[in-house]
file work27.txt (compact mmCIF, N, CA and C atoms)
# COMPACT_ATOMS: atom_id res chain seq x y z
N MET A 1 12.78 -13.31 -4.78
CA MET A 1 11.49 -13.46 -4.14
C MET A 1 10.96 -12.07 -3.75
N PHE A 2 9.70 -11.82 -4.09
CA PHE A 2 9.05 -10.54 -3.79
C PHE A 2 8.37 -10.61 -2.43
N ARG A 3 8.60 -9.59 -1.61
CA ARG A 3 7.93 -9.50 -0.31
C ARG A 3 7.11 -8.22 -0.26
N LYS A 4 5.94 -8.33 0.37
CA LYS A 4 5.11 -7.14 0.55
C LYS A 4 5.88 -6.11 1.38
N LYS A 5 5.63 -4.86 1.08
CA LYS A 5 6.20 -3.79 1.90
C LYS A 5 5.37 -3.70 3.18
N LYS A 6 6.03 -3.65 4.31
CA LYS A 6 5.35 -3.48 5.59
C LYS A 6 5.56 -2.03 6.00
N ILE A 7 4.46 -1.29 6.10
CA ILE A 7 4.51 0.15 6.36
C ILE A 7 3.87 0.46 7.72
N ALA A 8 4.63 1.15 8.57
CA ALA A 8 4.10 1.57 9.86
C ALA A 8 3.13 2.73 9.67
N LEU A 9 2.02 2.68 10.38
CA LEU A 9 1.03 3.77 10.38
C LEU A 9 1.09 4.44 11.75
N LEU A 10 1.45 5.71 11.74
CA LEU A 10 1.65 6.44 12.99
C LEU A 10 1.35 7.91 12.75
N GLY A 11 0.64 8.53 13.67
CA GLY A 11 0.38 9.96 13.53
C GLY A 11 -0.02 10.59 14.85
N LEU A 12 0.54 11.75 15.12
CA LEU A 12 0.13 12.57 16.26
C LEU A 12 -0.20 13.95 15.72
N MET A 13 -1.41 14.38 15.94
CA MET A 13 -1.85 15.67 15.42
C MET A 13 -2.09 16.63 16.58
N LEU A 14 -1.28 17.69 16.60
CA LEU A 14 -1.35 18.67 17.67
C LEU A 14 -0.86 20.02 17.16
N GLU A 15 -1.67 21.04 17.35
CA GLU A 15 -1.22 22.41 17.11
C GLU A 15 -0.74 22.90 18.47
N SER A 16 0.53 23.26 18.58
CA SER A 16 1.03 23.62 19.91
C SER A 16 1.80 24.94 19.91
N ASN A 17 1.89 25.51 21.10
CA ASN A 17 2.76 26.67 21.32
C ASN A 17 3.31 26.58 22.73
N SER A 18 4.43 27.20 22.97
CA SER A 18 5.12 27.05 24.24
C SER A 18 4.45 27.78 25.40
N PHE A 19 3.46 28.61 25.13
CA PHE A 19 2.81 29.37 26.19
C PHE A 19 1.57 28.67 26.76
N ALA A 20 1.13 27.59 26.13
CA ALA A 20 -0.05 26.85 26.59
C ALA A 20 0.39 25.75 27.55
N PRO A 21 -0.54 25.27 28.39
CA PRO A 21 -0.20 24.17 29.30
C PRO A 21 0.24 22.92 28.53
N VAL A 22 1.10 22.14 29.16
CA VAL A 22 1.62 20.91 28.56
C VAL A 22 0.47 19.98 28.18
N THR A 23 0.59 19.34 27.02
CA THR A 23 -0.39 18.37 26.54
C THR A 23 0.07 16.98 26.95
N GLY A 24 -0.79 16.24 27.64
CA GLY A 24 -0.44 14.90 28.12
C GLY A 24 -1.30 13.81 27.50
N ARG A 25 -1.04 12.60 27.92
CA ARG A 25 -1.76 11.43 27.40
C ARG A 25 -3.27 11.55 27.60
N ASP A 26 -3.68 12.04 28.75
CA ASP A 26 -5.11 12.17 29.03
C ASP A 26 -5.80 13.11 28.05
N ASP A 27 -5.09 14.12 27.58
CA ASP A 27 -5.66 15.04 26.59
C ASP A 27 -5.95 14.29 25.29
N PHE A 28 -5.03 13.41 24.88
CA PHE A 28 -5.26 12.61 23.68
C PHE A 28 -6.41 11.62 23.90
N LEU A 29 -6.43 10.99 25.08
CA LEU A 29 -7.48 10.01 25.37
C LEU A 29 -8.87 10.63 25.32
N SER A 30 -8.97 11.91 25.65
CA SER A 30 -10.28 12.57 25.63
C SER A 30 -10.75 12.88 24.22
N ARG A 31 -9.85 12.87 23.24
CA ARG A 31 -10.22 13.18 21.85
C ARG A 31 -10.08 11.96 20.95
N LEU A 32 -8.86 11.52 20.71
CA LEU A 32 -8.62 10.33 19.89
C LEU A 32 -7.24 9.77 20.20
N TYR A 33 -7.21 8.52 20.61
CA TYR A 33 -5.95 7.81 20.86
C TYR A 33 -6.23 6.34 20.64
N VAL A 34 -5.79 5.81 19.50
CA VAL A 34 -5.98 4.39 19.21
C VAL A 34 -4.64 3.82 18.76
N ALA A 35 -4.41 2.57 19.12
CA ALA A 35 -3.13 1.94 18.81
C ALA A 35 -3.34 0.47 18.43
N GLY A 36 -2.39 -0.05 17.65
CA GLY A 36 -2.35 -1.47 17.32
C GLY A 36 -3.63 -2.00 16.70
N ILE A 37 -4.12 -3.09 17.26
CA ILE A 37 -5.32 -3.77 16.74
C ILE A 37 -6.52 -2.84 16.74
N GLU A 38 -6.67 -2.05 17.80
CA GLU A 38 -7.79 -1.10 17.88
C GLU A 38 -7.74 -0.11 16.71
N MET A 39 -6.54 0.32 16.34
CA MET A 39 -6.39 1.24 15.21
C MET A 39 -6.77 0.55 13.91
N ALA A 40 -6.34 -0.69 13.72
CA ALA A 40 -6.69 -1.45 12.51
C ALA A 40 -8.20 -1.61 12.40
N GLU A 41 -8.87 -1.91 13.51
CA GLU A 41 -10.33 -2.07 13.51
C GLU A 41 -11.02 -0.75 13.19
N GLU A 42 -10.53 0.34 13.76
CA GLU A 42 -11.12 1.66 13.52
C GLU A 42 -10.97 2.08 12.06
N LEU A 43 -9.85 1.73 11.43
CA LEU A 43 -9.64 2.05 10.02
C LEU A 43 -10.65 1.36 9.11
N ARG A 44 -11.18 0.21 9.53
CA ARG A 44 -12.13 -0.55 8.71
C ARG A 44 -13.57 -0.03 8.83
N LYS A 45 -13.86 0.80 9.82
CA LYS A 45 -15.22 1.28 10.04
C LYS A 45 -15.63 2.30 8.98
N ASP A 46 -16.92 2.28 8.63
CA ASP A 46 -17.46 3.29 7.71
C ASP A 46 -17.46 4.68 8.36
N GLU A 47 -17.79 4.73 9.63
CA GLU A 47 -17.83 5.99 10.38
C GLU A 47 -16.65 6.01 11.36
N SER A 48 -15.46 6.20 10.85
CA SER A 48 -14.25 6.14 11.65
C SER A 48 -13.92 7.48 12.29
N LYS A 49 -13.31 7.41 13.48
CA LYS A 49 -12.83 8.62 14.16
C LYS A 49 -11.47 9.06 13.63
N ILE A 50 -10.79 8.18 12.91
CA ILE A 50 -9.45 8.46 12.40
C ILE A 50 -9.54 9.50 11.28
N PRO A 51 -8.65 10.49 11.27
CA PRO A 51 -8.69 11.54 10.25
C PRO A 51 -8.62 11.00 8.82
N ALA A 52 -9.24 11.74 7.91
CA ALA A 52 -9.34 11.33 6.50
C ALA A 52 -7.97 11.14 5.85
N GLU A 53 -6.97 11.87 6.30
CA GLU A 53 -5.63 11.75 5.71
C GLU A 53 -5.10 10.33 5.81
N MET A 54 -5.35 9.67 6.93
CA MET A 54 -4.87 8.30 7.11
C MET A 54 -5.63 7.34 6.20
N HIS A 55 -6.95 7.55 6.09
CA HIS A 55 -7.75 6.72 5.18
C HIS A 55 -7.29 6.90 3.73
N SER A 56 -7.03 8.13 3.35
CA SER A 56 -6.58 8.42 1.98
C SER A 56 -5.22 7.78 1.70
N PHE A 57 -4.32 7.84 2.67
CA PHE A 57 -3.01 7.21 2.51
C PHE A 57 -3.17 5.71 2.27
N CYS A 58 -3.99 5.06 3.10
CA CYS A 58 -4.20 3.61 2.98
C CYS A 58 -4.84 3.26 1.64
N ALA A 59 -5.81 4.04 1.20
CA ALA A 59 -6.47 3.78 -0.09
C ALA A 59 -5.49 3.93 -1.24
N THR A 60 -4.63 4.94 -1.17
CA THR A 60 -3.62 5.14 -2.22
C THR A 60 -2.62 3.99 -2.23
N MET A 61 -2.20 3.54 -1.06
CA MET A 61 -1.28 2.40 -0.99
C MET A 61 -1.93 1.15 -1.57
N ASP A 62 -3.23 0.95 -1.27
CA ASP A 62 -3.93 -0.24 -1.77
C ASP A 62 -3.92 -0.34 -3.28
N ILE A 63 -4.01 0.79 -3.97
CA ILE A 63 -4.04 0.75 -5.44
C ILE A 63 -2.65 0.88 -6.06
N SER A 64 -1.64 1.19 -5.24
CA SER A 64 -0.30 1.43 -5.77
C SER A 64 0.65 0.25 -5.66
N VAL A 65 0.66 -0.41 -4.52
CA VAL A 65 1.63 -1.49 -4.26
C VAL A 65 1.00 -2.57 -3.40
N GLU A 66 1.64 -3.74 -3.38
CA GLU A 66 1.25 -4.75 -2.41
C GLU A 66 1.92 -4.36 -1.10
N TRP A 67 1.12 -4.21 -0.07
CA TRP A 67 1.67 -3.75 1.20
C TRP A 67 0.90 -4.34 2.36
N GLU A 68 1.52 -4.27 3.51
CA GLU A 68 0.91 -4.72 4.75
C GLU A 68 0.99 -3.57 5.75
N ALA A 69 -0.14 -3.20 6.31
CA ALA A 69 -0.18 -2.13 7.30
C ALA A 69 0.31 -2.65 8.65
N ALA A 70 1.12 -1.84 9.31
CA ALA A 70 1.57 -2.12 10.67
C ALA A 70 1.10 -0.96 11.54
N PRO A 71 -0.17 -1.01 12.00
CA PRO A 71 -0.71 0.11 12.77
C PRO A 71 -0.02 0.26 14.12
N ILE A 72 0.54 1.42 14.34
CA ILE A 72 1.25 1.70 15.60
C ILE A 72 0.35 2.54 16.52
N LEU A 73 0.06 3.78 16.10
CA LEU A 73 -0.68 4.70 16.97
C LEU A 73 -1.16 5.89 16.15
N ILE A 74 -2.34 6.38 16.49
CA ILE A 74 -2.76 7.68 15.98
C ILE A 74 -3.44 8.43 17.12
N GLY A 75 -3.03 9.67 17.29
CA GLY A 75 -3.58 10.50 18.34
C GLY A 75 -3.93 11.87 17.80
N LEU A 76 -5.01 12.42 18.30
CA LEU A 76 -5.49 13.73 17.88
C LEU A 76 -5.94 14.47 19.13
N VAL A 77 -5.56 15.73 19.22
CA VAL A 77 -5.88 16.51 20.41
C VAL A 77 -6.13 17.96 20.00
N GLU A 78 -6.83 18.69 20.85
CA GLU A 78 -7.06 20.12 20.62
C GLU A 78 -5.73 20.87 20.75
N ALA A 79 -5.71 22.11 20.29
CA ALA A 79 -4.50 22.93 20.42
C ALA A 79 -4.10 23.04 21.88
N GLY A 80 -2.79 23.02 22.13
CA GLY A 80 -2.29 23.09 23.49
C GLY A 80 -0.79 23.31 23.50
N GLY A 81 -0.19 22.97 24.61
CA GLY A 81 1.25 23.14 24.75
C GLY A 81 2.02 21.95 24.22
N PRO A 82 3.33 21.95 24.45
CA PRO A 82 4.17 20.84 23.99
C PRO A 82 3.69 19.51 24.60
N ILE A 83 3.98 18.42 23.89
CA ILE A 83 3.57 17.09 24.38
C ILE A 83 4.51 16.65 25.49
N ASP A 84 3.91 16.15 26.58
CA ASP A 84 4.66 15.57 27.68
C ASP A 84 5.11 14.16 27.28
N HIS A 85 6.31 13.79 27.66
CA HIS A 85 6.81 12.45 27.36
C HIS A 85 6.01 11.46 28.14

call {"tool": "encode", "arguments": {"input": "work27.txt", "output": "structure tokens"}}
result
Amino acid sequence: MFRKKKIALLGLMLESNSFAPVTGRDDFLSRLYVAGIEMAEELRKDESKIPAEMHSFCATMDISVEWEAAPILIGLVEAGGPIDH
């Protein structure tokens, strides 16, 4: 029996260095932080805030294999320090 591949979609984009202030959740919220259902809805929009790399990955998967997206989280923030847990 053939089953669709279930692929997690997850990405955190941050340029960081140890001399900058710590980057926290609020920093991501001010730029881009979407998870789960909200991420799936954002991926379907024509004018999406999600980076093109994620859209390109999904489009390539669509033409390559039968798959099911499992949107976890995508976050994007300006350059800063290490990410706070």

call {"tool": "atom_distance", "arguments": {"input": "work27.txt", "atom1": "atom N of Ile74 (chain A)", "atom2": "atom C of Glu38 (chain A)"}}
result
8.4 Å

call {"tool": "closest_residue", "arguments": {"input": "work27.txt", "among": "A:Gly24, A:Thr60, A:Glu68, A:Glu78", "to": "Lys5 (chain A)", "atoms": "only C-alpha atoms"}}
result
A:Glu68

call {"tool": "residues_around", "arguments": {"input": "work27.txt", "residues": "Glu15 (chain A)", "least_positions_apart": "6", "cutoff": "6.5 Å", "atoms": "all atoms listed in the file", "output": "VMD selection string"}}
result
chain A and resid 77 to 81

call {"tool": "closest_residue", "arguments": {"input": "work27.txt", "among": "A:Pro51, A:Gly11, A:Pro71, A:Pro21", "to": "Met39 (chain A)", "atoms": "only N, CA and C atoms"}}
result
A:Pro71

call {"tool": "select_by_dssp", "arguments": {"input": "work27.txt", "residues": "chain A", "states": "alpha helix (DSSP H)", "output": "list in words"}}
result
Arg25, Asp26, Asp27, Phe28, Leu29, Ser30, Arg31, Gly36, Ile37, Glu38, Met39, Ala40, Glu41, Glu42, Leu43, Arg44, Ala52, Glu53, Met54, His55, Ser56, Phe57, Cys58, Ala59, Thr60, Met61, Asp62, Ile63 and Ser64 of chain A

call {"tool": "select_by_dssp", "arguments": {"input": "work27.txt", "residues": "chain A", "states": "strand (DSSP E)", "output": "list in words"}}
result
Lys5, Lys6, Ile7, Ala8, Leu9, Leu10, Gly11, Leu12, Met13, Leu32, Tyr33, Val34, Ala35, Trp67, Glu68, Ala69, Ala70, Pro71, Ile72, Leu73, Ile74, Gly75 and Leu76 of chain A
